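Q: Just one file: target.txt, with compact mmCIF, C-alpha atoms.
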```txt
# COMPACT_ATOMS: atom_id res chain seq x y z
CA MET A 447 105.66 140.60 161.94
CA ALA A 448 103.63 138.70 164.53
CA LEU A 449 100.15 137.49 163.71
CA VAL A 450 97.90 138.48 166.61
CA ILE A 451 95.20 135.93 167.39
CA ASP A 452 91.69 137.23 167.93
CA PRO A 453 89.98 134.69 170.24
CA GLU A 454 86.56 135.60 168.85
CA ALA A 455 87.37 135.43 165.13
CA ASP A 456 90.28 132.97 164.83
CA MET A 457 90.21 129.22 165.28
CA LEU A 458 92.77 126.43 165.08
CA GLY A 459 92.01 123.39 162.93
CA VAL A 460 93.88 120.21 163.90
CA VAL A 461 93.87 117.89 160.88
CA ASP A 462 94.09 114.09 161.24
CA VAL A 463 96.53 113.84 164.14
CA GLN A 464 95.98 110.10 164.46
CA PRO A 465 98.33 107.16 165.22
CA CYS A 466 97.81 105.64 161.77
CA PHE A 467 99.72 108.57 160.26
CA MET A 468 102.61 108.40 162.71
CA PRO A 469 105.84 106.43 162.19
CA GLY A 470 104.94 102.76 162.61
CA GLY A 471 101.32 103.37 161.60
CA ALA A 472 99.47 102.00 158.61
CA LEU A 473 100.05 105.12 156.49
CA PRO A 474 103.05 106.79 158.12
CA VAL A 475 104.05 110.37 157.42
CA ALA A 476 107.78 110.92 157.91
CA ASP A 477 108.38 112.71 161.23
CA GLY A 478 104.60 112.81 161.72
CA ASP A 479 104.87 112.35 165.47
CA ALA A 480 106.68 115.70 165.69
CA VAL A 481 103.39 117.51 165.10
CA VAL A 482 101.91 116.36 168.43
CA PRO A 483 104.01 118.61 170.73
CA ALA A 484 103.84 121.43 168.17
CA VAL A 485 100.04 121.26 168.04
CA ASN A 486 99.84 121.04 171.84
CA ARG A 487 101.85 124.24 172.13
CA LEU A 488 99.32 125.96 169.86
CA LEU A 489 96.41 124.59 171.86
CA ALA A 490 97.97 125.74 175.13
CA GLY A 491 98.94 129.13 173.76
CA PRO A 492 97.15 131.68 171.63
CA PHE A 493 94.07 129.71 170.59
CA ALA A 494 91.04 129.55 172.87
CA HIS A 495 89.02 127.45 170.40
CA ALA A 496 89.84 124.55 168.08
CA PHE A 497 88.29 121.79 166.01
CA ALA A 498 89.84 118.54 164.81
CA THR A 499 89.29 116.21 161.89
CA GLN A 500 89.49 112.45 162.03
CA ASP A 501 89.83 110.00 159.16
CA TRP A 502 87.20 107.33 159.86
CA HIS A 503 87.04 104.64 157.18
CA PRO A 504 84.89 101.50 157.15
CA PRO A 505 86.71 98.24 156.35
CA GLY A 506 87.09 97.74 152.61
CA HIS A 507 86.85 101.45 151.80
CA ALA A 508 87.00 102.13 148.07
CA SER A 509 90.17 104.22 148.45
CA PHE A 510 92.11 101.24 149.81
CA ALA A 511 94.37 99.46 147.32
CA SER A 512 93.26 96.19 148.91
CA ALA A 513 89.76 96.83 147.55
CA HIS A 514 91.10 96.69 143.97
CA PRO A 515 92.75 93.35 143.12
CA GLY A 516 96.07 93.78 141.37
CA ARG A 517 96.47 97.41 142.48
CA GLN A 518 99.14 98.74 144.81
CA PRO A 519 99.12 101.59 147.37
CA PHE A 520 99.88 105.02 145.89
CA GLU A 521 98.65 104.10 142.42
CA SER A 522 96.01 106.42 140.98
CA ILE A 523 92.85 105.12 139.32
CA PRO A 524 89.74 106.85 137.94
CA PHE A 525 86.76 107.22 140.25
CA PRO A 526 83.38 108.72 139.32
CA TYR A 527 84.56 112.01 140.86
CA GLY A 528 88.06 112.02 139.30
CA PRO A 529 91.49 110.49 139.88
CA GLN A 530 91.81 108.71 143.22
CA THR A 531 95.07 107.77 144.92
CA LEU A 532 94.88 104.30 146.44
CA TRP A 533 96.09 103.98 150.03
CA PRO A 534 97.07 101.23 152.42
CA ASP A 535 94.20 100.22 154.70
CA HIS A 536 94.20 102.86 157.45
CA ALA A 537 92.04 104.72 159.98
CA ILE A 538 89.60 101.83 160.31
CA GLN A 539 86.57 102.89 162.33
CA GLY A 540 86.87 101.99 166.00
CA SER A 541 90.52 100.97 165.83
CA ALA A 542 93.18 102.42 168.12
CA GLU A 543 95.02 103.78 165.07
CA ALA A 544 91.95 105.77 164.03
CA ALA A 545 91.55 107.54 167.38
CA LEU A 546 92.88 111.02 167.91
CA HIS A 547 96.46 110.67 169.09
CA PRO A 548 96.47 109.90 172.84
CA GLY A 549 99.15 112.54 173.38
CA LEU A 550 97.03 115.29 171.86
CA ASP A 551 95.65 117.82 174.37
CA GLN A 552 91.94 117.87 173.52
CA SER A 553 90.80 120.31 176.20
CA ARG A 554 90.20 123.12 173.67
CA ILE A 555 88.96 120.93 170.82
CA GLU A 556 85.25 121.69 170.64
CA LEU A 557 84.28 119.69 167.54
CA VAL A 558 85.60 116.54 165.85
CA VAL A 559 84.70 116.18 162.17
CA ARG A 560 84.81 112.57 161.00
CA LYS A 561 85.43 112.15 157.30
CA GLY A 562 85.84 109.32 154.83
CA PHE A 563 83.14 107.20 156.45
CA ARG A 564 81.15 106.82 153.20
CA ALA A 565 82.46 103.60 151.70
CA ALA A 566 82.60 104.82 148.08
CA ILE A 567 83.99 108.35 148.59
CA ASP A 568 87.36 109.33 149.97
CA SER A 569 87.65 112.54 151.95
CA TYR A 570 90.67 114.79 152.37
CA SER A 571 89.12 118.17 153.15
CA ALA A 572 87.55 119.16 156.45
CA PHE A 573 84.77 120.81 154.42
CA PHE A 574 83.92 118.46 151.52
CA GLU A 575 84.43 114.86 150.60
CA ASN A 576 86.35 114.15 147.40
CA ASP A 577 83.27 114.30 145.19
CA ARG A 578 83.41 118.05 146.01
CA ALA A 579 79.63 118.02 146.62
CA THR A 580 79.15 116.19 149.94
CA ALA A 581 79.65 118.75 152.71
CA THR A 582 80.76 117.87 156.24
CA GLY A 583 78.82 120.73 157.88
CA LEU A 584 81.97 122.39 159.23
CA GLU A 585 81.40 125.61 157.32
CA ALA A 586 78.01 126.23 158.95
CA TRP A 587 79.44 125.50 162.41
CA LEU A 588 82.28 127.97 161.90
CA ARG A 589 79.92 130.65 160.56
CA ALA A 590 77.64 130.22 163.57
CA ARG A 591 80.64 130.76 165.82
CA GLY A 592 81.65 133.96 164.02
CA VAL A 593 84.97 132.54 162.83
CA ARG A 594 86.62 134.51 160.04
CA ARG A 595 90.20 133.20 160.02
CA LEU A 596 91.45 129.61 160.24
CA PHE A 597 94.89 128.41 161.24
CA LEU A 598 95.47 124.84 160.09
CA CYS A 599 98.00 122.27 161.29
CA GLY A 600 98.43 118.49 161.30
CA LEU A 601 98.74 115.75 158.69
CA ALA A 602 99.41 115.66 155.92
CA THR A 603 100.55 118.97 154.47
CA ASP A 604 99.98 117.93 150.86
CA TYR A 605 96.66 116.14 151.27
CA CYS A 606 94.19 116.75 154.10
CA VAL A 607 95.74 120.01 155.33
CA ALA A 608 96.07 121.38 151.79
CA PHE A 609 92.59 120.37 150.65
CA SER A 610 91.10 121.84 153.84
CA ALA A 611 93.02 125.10 153.38
CA GLU A 612 92.04 125.39 149.73
CA ASP A 613 88.36 124.82 150.46
CA ALA A 614 88.39 127.26 153.38
CA ALA A 615 89.89 129.97 151.17
CA ARG A 616 87.36 129.26 148.44
CA LEU A 617 84.56 129.60 151.00
CA GLY A 618 85.80 133.05 152.00
CA PHE A 619 87.77 132.39 155.17
CA ALA A 620 91.21 133.88 155.66
CA VAL A 621 93.54 130.88 155.96
CA VAL A 622 96.99 130.39 157.47
CA VAL A 623 98.92 127.10 157.49
CA VAL A 624 101.23 126.70 160.51
CA GLU A 625 104.11 124.98 158.76
CA ASP A 626 106.13 123.72 161.72
CA ALA A 627 103.00 121.99 163.07
CA CYS A 628 102.49 120.06 159.81
CA ARG A 629 104.27 117.24 158.01
CA GLY A 630 103.71 115.96 154.46
CA ILE A 631 103.82 112.74 152.47
CA GLY A 632 105.69 114.07 149.44
CA LEU A 633 104.77 111.65 146.66
CA PRO A 634 106.80 112.26 143.49
CA LEU A 635 104.95 113.73 140.51
CA PRO A 636 105.39 112.61 136.89
CA THR A 637 106.03 116.22 135.89
CA GLY A 638 108.77 116.63 138.51
CA GLY A 639 108.79 117.78 142.10
CA ASP A 640 106.49 116.30 144.68
CA THR A 641 103.04 116.70 146.15
CA ILE A 642 104.24 118.97 148.98
CA ALA A 643 105.74 121.56 146.64
CA ALA A 644 102.71 121.35 144.34
CA ALA A 645 100.29 121.83 147.24
CA ARG A 646 102.23 124.80 148.57
CA ALA A 647 102.18 126.51 145.18
CA ARG A 648 98.48 125.83 144.76
CA LEU A 649 97.67 127.24 148.21
CA ALA A 650 99.78 130.34 147.71
CA ALA A 651 97.92 131.00 144.46
CA ALA A 652 94.63 130.70 146.39
CA GLY A 653 95.73 133.35 148.89
CA VAL A 654 96.59 131.01 151.75
CA ARG A 655 99.32 132.37 154.02
CA PHE A 656 102.05 130.37 155.76
CA CYS A 657 103.56 130.99 159.16
CA ARG A 658 105.45 129.30 161.95
CA SER A 659 104.09 128.90 165.46
CA GLY A 660 106.60 131.43 166.75
CA ASP A 661 104.96 134.05 164.55
CA LEU A 662 101.72 133.89 166.55
CA ALA A 663 100.85 136.11 169.47
CA GLY A 664 97.83 135.95 171.74
```
Is it possible to give me this structure as structure tokens?
A:
Amino acid sequence: MALVIDPEADMLGVVDVQPCFMPGGALPVADGDAVVPAVNRLLAGPFAHAFATQDWHPPGHASFASAHPGRQPFESIPFPYGPQTLWPDHAIQGSAEAALHPGLDQSRIELVVRKGFRAAIDSYSAFFENDRATATGLEAWLRARGVRRLFLCGLATDYCVAFSAEDAARLGFAVVVVEDACRGIGLPLPTGGDTIAAARARLAAAGVRFCRSGDLAG
């Protein structure tokens, strides 16, 4: 059954569609460049309004493995707010790799939320940094616009898209993840499976729905 988009109550969220997450970037997501045309089709189609998020790290950010001598990317270490995955240096403020992808149609993107710019706190969600207390202000902006349902797409399925979806659902928004306009990292888990499967299960339990772009009607 088609999901009919209400231009007054529904909004598209475009998560971290930046060159650093594309093949050849500093933190590449496999097939990540495939989201650009998929997201552009959504922006040109049923959605009149959209926001985007943008990873925006200062040099030497605490989440970078390079900031912790002897540590390697994708290791996890304790931070004051909980376990933190360490990443390759990426999305450095002002760099070309940190910009929104040049192929992304931004004509309907009305707000860009920059996250991860506090040197000691990483940030996956569009709504809160990883300490779960520092808000980005996106919720208030959406409420002021009368938005009740969010459709999320972008990179990466198992991190910034998933954390954004989970927070949105917790805040009372109806949430739909557009799966063919997302790609994930898929780190293996010690308990088996990977981070994509774990994120999908967690989101389903939170009431987040999944669709494909062909399921949407304006």
Q: Might you pull out every residue within 8 Å of Ala572 in chain A, with all atoms listed in the file counted and same-chain residues fewer than 5 positions away left off, and present them as a list of chain:residue names?
A: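 Skipping anything fewer than 5 positions along the chain leaves A:Val461, A:Thr499, A:Val559, A:Lys561, A:Thr582, A:Leu584, A:Cys606, A:Phe609, A:Ser610.
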Q: Write to file, as a PDB file, in the frame of the given file, the residues of the selection just made, with C-alpha atoms.
A:
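For reference, again_34.pdb as written:
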```pdb
ATOM      1  CA  VAL A 461      93.870 117.890 160.880  1.00  0.00           C
ATOM      2  CA  THR A 499      89.290 116.210 161.890  1.00  0.00           C
ATOM      3  CA  VAL A 559      84.700 116.180 162.170  1.00  0.00           C
ATOM      4  CA  LYS A 561      85.430 112.150 157.300  1.00  0.00           C
ATOM      5  CA  THR A 582      80.760 117.870 156.240  1.00  0.00           C
ATOM      6  CA  LEU A 584      81.970 122.390 159.230  1.00  0.00           C
ATOM      7  CA  CYS A 606      94.190 116.750 154.100  1.00  0.00           C
ATOM      8  CA  PHE A 609      92.590 120.370 150.650  1.00  0.00           C
ATOM      9  CA  SER A 610      91.100 121.840 153.840  1.00  0.00           C
TER      10      SER A 610
END
```
Q: Step by step: start from the point (98.0, 124.7, 181.7) in the file's coordinates, keep every protein, DNA or RNA residue that has an atom no farther than 12 Å from it, count all atoms listed in the file, and write the set as a PyMOL selection string.
A: chain A and resi 486-491+551+553-554
Q: Have a look at A:Leu649, A:Ala448, A:Ala590, A:Tyr527 and name the one nearest to Arg578 in chain A; count all atoms listed in the file.
A: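 That would be A:Tyr527, the residue with the smallest distance to Arg578 in chain A.
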Q: What is the distance, in Å and to one decimal place, between CA of Val621 in chain A and CA of Gly459 in chain A?
A: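 Going from CA of Val621 in chain A over to CA of Gly459 in chain A, I get 10.3 Å.
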Q: Point out the residue among A:Ala608, A:Ala615, A:Val481, A:Ala472 with the least atom-to-atom distance to Ala537 in chain A, counting all atoms listed in the file.
A: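 Smallest distance to Ala537 in chain A is found for A:Ala472.
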Q: Can you pull out every residue within 12 Å of Pro529 in chain A, counting only C-alpha atoms, but drop anything in the same chain fewer than 4 positions away, and send it as number ranges by chain?
A: A: 509, 520-525, 567-568, 576-577
